Amino acid sequence: MTSEKNSKNSLKQWVSKIKRYELELPRLYEKLEYLEVRSIGYNSPSFEPRISSGGSGNYKGIDYWLEKIDDCKRKIELYEKEITKLNQFVKDLLPIEKEVFIKSYYENYPPRLVICETNIKRSKLYEIFNKLNKSYLYKKYE
C-alpha cells in the first residue's frame with residue numbers, strides 16, 4: 001500500500017513540477033530576449049573596459065552573454081520537453097481518465113468534487129486513480 005501511495009505522490013509531484021515549469025516558461029522567454037539584446041551591446045574585447053570611479057565591474061564580454069543565453073535556452077528546452085511529456089501522458093488517457101486526471105491532479109479538486117462533476121462512483125474514481133498511477137509508473141514519464 002505504501003508503494004501505491006508513493007506512486008500517487010510521485011505523480012502529483014510530477015504534475016506540480018510541470019505546472020511550475022508552465023508558469024516559469026514565459027519569464028524564461030523574456031529573460032532570453034533580454035540576454036540576447038544585452039549580448040549585442042557587449043564591450044568589444046579590443047577596448048579596455050571602462051571602470052567608473054566607484055570601481056563598478058559592469059564589463060561583461062561576449063562569452064559571458066553567450067553562456068547566459070545557452071543556460072537559458074537549455075532550461076527552456078528542458079521545460080518544454082517535460083511539458084510535452086505531460087501532454088503526451090494526458091493524450092494517451094481515455095476521456096474519463098483525462099477528465100479525472102485534470103480535475104484531480106492538475107486542478108487539485110477534492111475527490112468528492114471530482115465525483116460530482118464526472119458523475120462516477122467513488123469506487124470508479126479510485127480505480128481510475130490506480131490506473132493513472134500504474135500508467136505513470138509503467139511509462140516512466142519522469
# chains A, B, ... in the order shown; residues from 1 in each chain; ligands from 1
$ residues_around --residues "Leu11 of chain A" --least-positions-apart "6" --cutoff "9 Å" --atoms "only C-alpha atoms" --output "PyMOL selection string"
chain A and resi 105+132-133+136-137+142
$ residues_around --residues "Arg112 of chain A" --least-positions-apart "4" --cutoff "10 Å" --atoms "only C-alpha atoms" --output "NGL selection string"
:A and (116-117 or 121-122 or 125)
$ write_last_selection --atoms "N, CA and C atoms" --output "compact mmCIF listing (two decimals), in the first residue's frame"
# COMPACT_ATOMS: atom_id res chain seq x y z
N CYS A 116 -18.68 14.42 -8.14
CA CYS A 116 -19.89 15.18 -8.51
C CYS A 116 -19.83 15.65 -9.97
N GLU A 117 -18.68 16.17 -10.38
CA GLU A 117 -18.57 16.74 -11.72
C GLU A 117 -18.47 15.70 -12.83
N LYS A 121 -18.95 6.84 -9.64
CA LYS A 121 -18.98 6.38 -8.24
C LYS A 121 -17.59 6.49 -7.64
N ARG A 122 -17.57 6.56 -6.32
CA ARG A 122 -16.32 6.66 -5.59
C ARG A 122 -15.37 5.50 -5.94
N LEU A 125 -13.77 6.10 -9.21
CA LEU A 125 -12.75 7.15 -9.10
C LEU A 125 -11.42 6.56 -8.63
$ residues_around --residues "Phe101 of chain A" --least-positions-apart "5" --cutoff "10 Å" --atoms "only C-alpha atoms" --output "MDAnalysis selection string"
chainID A and resid 15 90 93 95:96 106:109 114 128:129 132
$ residues_around --residues "segment 71-74 of chain A" --least-positions-apart "3" --cutoff "8 Å" --atoms "only C-alpha atoms" --output "list of chain:residue names"
A:Leu28, A:Lys31, A:Leu32, A:Glu67, A:Lys68, A:Glu77, A:Leu78
$ closest_atom_pairs --of "segment 69-127 of chain A" --to "segment 17-25 of chain A" --cutoff "8 Å" --atoms "only C-alpha atoms" --output "CSV"
residue,atom,partner,partner_atom,distance
A:Ile76,CA,A:Leu25,CA,6.6
A:Tyr79,CA,A:Tyr21,CA,5.7
A:Glu82,CA,A:Ile18,CA,6.7
A:Ile83,CA,A:Ile18,CA,6.0
A:Leu86,CA,A:Ile18,CA,7.5
A:Tyr106,CA,A:Lys19,CA,7.9
$ atom_distance --atom1 "atom CA of Asp70 of chain A" --atom2 "atom CA of Trp14 of chain A"
25.3 Å
$ atom_distance --atom1 "atom CA of Ile115 of chain A" --atom2 "atom CA of Thr84 of chain A"
27.9 Å
$ residues_around --residues "Leu113 of chain A" --least-positions-apart "6" --cutoff "10 Å" --atoms "only C-alpha atoms" --output "MDAnalysis selection string"
chainID A and resid 103:104 119
$ write_last_selection --atoms "C-alpha atoms" --output "PDB file, in the first residue's frame"
ATOM      1  CA  LYS A 103      -9.580  17.800 -12.216  1.00  0.00           C
ATOM      2  CA  SER A 104      -7.805  15.815  -9.536  1.00  0.00           C
ATOM      3  CA  ASN A 119     -20.909  11.552 -12.322  1.00  0.00           C
TER       4      ASN A 119
END
$ residues_around --residues "Ile69 of chain A" --least-positions-apart "5" --cutoff "10 Å" --atoms "only C-alpha atoms" --output "MDAnalysis selection string"
chainID A and resid 31:36 39 63:64 74:75
$ write_last_selection --atoms "N, CA, C and O atoms" --output "tab-separated table (two decimals), in the first residue's frame"
chain	number	residue	atom	x	y	z
A	31	LYS	N	13.51	36.54	-20.34
A	31	LYS	CA	14.92	36.59	-19.94
A	31	LYS	C	15.82	36.33	-21.14
A	31	LYS	O	16.83	37.02	-21.33
A	32	LEU	N	15.47	35.35	-21.97
A	32	LEU	CA	16.26	35.05	-23.16
A	32	LEU	C	16.31	36.25	-24.10
A	32	LEU	O	17.38	36.60	-24.60
A	33	GLU	N	15.17	36.87	-24.30
A	33	GLU	CA	15.14	38.05	-25.16
A	33	GLU	C	16.02	39.17	-24.59
A	33	GLU	O	16.78	39.80	-25.32
A	34	TYR	N	15.93	39.38	-23.28
A	34	TYR	CA	16.76	40.39	-22.62
A	34	TYR	C	18.24	40.06	-22.80
A	34	TYR	O	19.04	40.93	-23.15
A	35	LEU	N	18.61	38.81	-22.59
A	35	LEU	CA	20.02	38.41	-22.71
A	35	LEU	C	20.53	38.59	-24.13
A	35	LEU	O	21.67	39.02	-24.34
A	36	GLU	N	19.68	38.26	-25.10
A	36	GLU	CA	20.09	38.42	-26.50
A	36	GLU	C	20.29	39.90	-26.84
A	36	GLU	O	21.23	40.25	-27.55
A	39	SER	N	23.52	40.99	-25.19
A	39	SER	CA	24.72	40.44	-25.83
A	39	SER	C	25.14	41.26	-27.04
A	39	SER	O	26.31	41.29	-27.39
A	63	ASP	N	31.53	36.29	-24.19
A	63	ASP	CA	31.48	34.94	-23.63
A	63	ASP	C	30.50	34.84	-22.48
A	63	ASP	O	29.78	33.85	-22.35
A	64	TYR	N	30.46	35.87	-21.64
A	64	TYR	CA	29.53	35.91	-20.50
A	64	TYR	C	28.10	35.83	-21.00
A	64	TYR	O	27.30	35.03	-20.53
A	74	ARG	N	18.87	26.09	-22.60
A	74	ARG	CA	18.83	24.72	-22.09
A	74	ARG	C	17.67	24.53	-21.13
A	74	ARG	O	16.97	23.52	-21.17
A	75	LYS	N	17.46	25.53	-20.27
A	75	LYS	CA	16.36	25.45	-19.30
A	75	LYS	C	15.01	25.46	-20.03
A	75	LYS	O	14.12	24.67	-19.70
$ select_by_dssp --residues "segment 10-142 of chain A" --states "alpha helix (DSSP H)" --output "ChimeraX atom specification"
/A:10-40,62-91,95-101,111-118,122-139
$ atom_distance --atom1 "atom CA of Ser10 of chain A" --atom2 "atom CA of Ile102 of chain A"
15.8 Å
$ decode --residues "segment 71-116 of chain A" --atoms "N, CA and C atoms" --output "short mmCIF file (atom, residue, chain, number, x, y, z; two decimals), in the first residue's frame"
data_model
loop_
_atom_site.label_atom_id
_atom_site.label_comp_id
_atom_site.auth_asym_id
_atom_site.auth_seq_id
_atom_site.Cartn_x
_atom_site.Cartn_y
_atom_site.Cartn_z
N ASP A 71 22.56 28.82 -21.18
CA ASP A 71 21.92 28.30 -19.97
C ASP A 71 20.41 28.48 -20.03
N CYS A 72 19.99 29.64 -20.46
CA CYS A 72 18.56 29.95 -20.54
C CYS A 72 17.89 29.05 -21.60
N LYS A 73 18.53 28.88 -22.74
CA LYS A 73 17.97 28.03 -23.80
C LYS A 73 17.86 26.57 -23.34
N ARG A 74 18.87 26.09 -22.60
CA ARG A 74 18.83 24.72 -22.09
C ARG A 74 17.67 24.53 -21.13
N LYS A 75 17.46 25.53 -20.27
CA LYS A 75 16.36 25.45 -19.30
C LYS A 75 15.01 25.46 -20.03
N ILE A 76 14.86 26.32 -21.02
CA ILE A 76 13.63 26.38 -21.82
C ILE A 76 13.38 25.03 -22.49
N GLU A 77 14.43 24.46 -23.08
CA GLU A 77 14.31 23.17 -23.76
C GLU A 77 13.87 22.07 -22.79
N LEU A 78 14.47 22.05 -21.60
CA LEU A 78 14.09 21.06 -20.59
C LEU A 78 12.63 21.22 -20.19
N TYR A 79 12.21 22.45 -19.92
CA TYR A 79 10.83 22.71 -19.51
C TYR A 79 9.86 22.30 -20.60
N GLU A 80 10.15 22.66 -21.84
CA GLU A 80 9.25 22.31 -22.94
C GLU A 80 9.18 20.80 -23.14
N LYS A 81 10.30 20.12 -22.96
CA LYS A 81 10.33 18.65 -23.09
C LYS A 81 9.45 18.01 -22.02
N GLU A 82 9.52 18.49 -20.78
CA GLU A 82 8.71 17.94 -19.69
C GLU A 82 7.23 18.23 -19.90
N ILE A 83 6.91 19.43 -20.37
CA ILE A 83 5.52 19.79 -20.65
C ILE A 83 4.97 18.90 -21.76
N THR A 84 5.78 18.62 -22.77
CA THR A 84 5.38 17.72 -23.86
C THR A 84 5.10 16.31 -23.33
N LYS A 85 5.93 15.85 -22.40
CA LYS A 85 5.70 14.53 -21.79
C LYS A 85 4.35 14.48 -21.08
N LEU A 86 4.04 15.54 -20.34
CA LEU A 86 2.74 15.58 -19.65
C LEU A 86 1.60 15.59 -20.67
N ASN A 87 1.73 16.38 -21.70
CA ASN A 87 0.70 16.44 -22.73
C ASN A 87 0.50 15.08 -23.40
N GLN A 88 1.60 14.37 -23.63
CA GLN A 88 1.50 13.03 -24.22
C GLN A 88 0.82 12.06 -23.26
N PHE A 89 1.17 12.16 -21.98
CA PHE A 89 0.55 11.32 -20.96
C PHE A 89 -0.97 11.53 -20.97
N VAL A 90 -1.39 12.78 -20.99
CA VAL A 90 -2.82 13.11 -20.98
C VAL A 90 -3.48 12.64 -22.28
N LYS A 91 -2.80 12.82 -23.38
CA LYS A 91 -3.34 12.41 -24.68
C LYS A 91 -3.61 10.91 -24.75
N ASP A 92 -2.79 10.12 -24.06
CA ASP A 92 -2.92 8.66 -24.08
C ASP A 92 -4.05 8.14 -23.17
N LEU A 93 -4.66 9.01 -22.40
CA LEU A 93 -5.71 8.59 -21.47
C LEU A 93 -7.07 8.49 -22.16
N LEU A 94 -7.92 7.67 -21.58
CA LEU A 94 -9.31 7.62 -22.02
C LEU A 94 -10.01 8.91 -21.58
N PRO A 95 -11.13 9.27 -22.22
CA PRO A 95 -11.79 10.54 -21.88
C PRO A 95 -12.11 10.69 -20.39
N ILE A 96 -12.65 9.66 -19.74
CA ILE A 96 -12.99 9.79 -18.32
C ILE A 96 -11.72 9.88 -17.47
N GLU A 97 -10.69 9.17 -17.86
CA GLU A 97 -9.41 9.25 -17.15
C GLU A 97 -8.79 10.63 -17.30
N LYS A 98 -8.90 11.17 -18.49
CA LYS A 98 -8.38 12.50 -18.76
C LYS A 98 -9.09 13.54 -17.88
N GLU A 99 -10.40 13.43 -17.82
CA GLU A 99 -11.18 14.37 -17.02
C GLU A 99 -10.82 14.26 -15.54
N VAL A 100 -10.73 13.03 -15.04
CA VAL A 100 -10.36 12.81 -13.63
C VAL A 100 -8.95 13.31 -13.38
N PHE A 101 -8.04 13.02 -14.29
CA PHE A 101 -6.65 13.45 -14.13
C PHE A 101 -6.56 14.98 -14.04
N ILE A 102 -7.19 15.64 -14.96
CA ILE A 102 -7.11 17.11 -15.00
C ILE A 102 -7.73 17.71 -13.74
N LYS A 103 -8.90 17.24 -13.39
CA LYS A 103 -9.58 17.80 -12.22
C LYS A 103 -8.85 17.47 -10.92
N SER A 104 -8.39 16.25 -10.80
CA SER A 104 -7.81 15.82 -9.54
C SER A 104 -6.34 16.21 -9.39
N TYR A 105 -5.54 15.90 -10.39
CA TYR A 105 -4.10 16.13 -10.28
C TYR A 105 -3.69 17.53 -10.72
N TYR A 106 -4.28 18.00 -11.80
CA TYR A 106 -3.86 19.28 -12.35
C TYR A 106 -4.54 20.46 -11.68
N GLU A 107 -5.85 20.36 -11.46
CA GLU A 107 -6.58 21.47 -10.85
C GLU A 107 -6.79 21.29 -9.35
N ASN A 108 -6.35 20.15 -8.80
CA ASN A 108 -6.39 19.84 -7.37
C ASN A 108 -7.80 19.88 -6.76
N TYR A 109 -8.77 19.39 -7.51
CA TYR A 109 -10.12 19.27 -6.95
C TYR A 109 -10.11 18.15 -5.91
N PRO A 110 -10.88 18.30 -4.83
CA PRO A 110 -11.01 17.20 -3.87
C PRO A 110 -11.82 16.06 -4.51
N PRO A 111 -11.61 14.81 -4.06
CA PRO A 111 -12.31 13.66 -4.67
C PRO A 111 -13.82 13.82 -4.73
N ARG A 112 -14.45 14.35 -3.68
CA ARG A 112 -15.91 14.47 -3.69
C ARG A 112 -16.39 15.39 -4.82
N LEU A 113 -15.61 16.43 -5.12
CA LEU A 113 -15.98 17.35 -6.20
C LEU A 113 -15.76 16.68 -7.57
N VAL A 114 -14.70 15.91 -7.69
CA VAL A 114 -14.44 15.18 -8.94
C VAL A 114 -15.59 14.20 -9.19
N ILE A 115 -16.02 13.52 -8.15
CA ILE A 115 -17.13 12.56 -8.27
C ILE A 115 -18.40 13.28 -8.73
N CYS A 116 -18.68 14.42 -8.14
CA CYS A 116 -19.89 15.18 -8.51
C CYS A 116 -19.83 15.65 -9.97
#
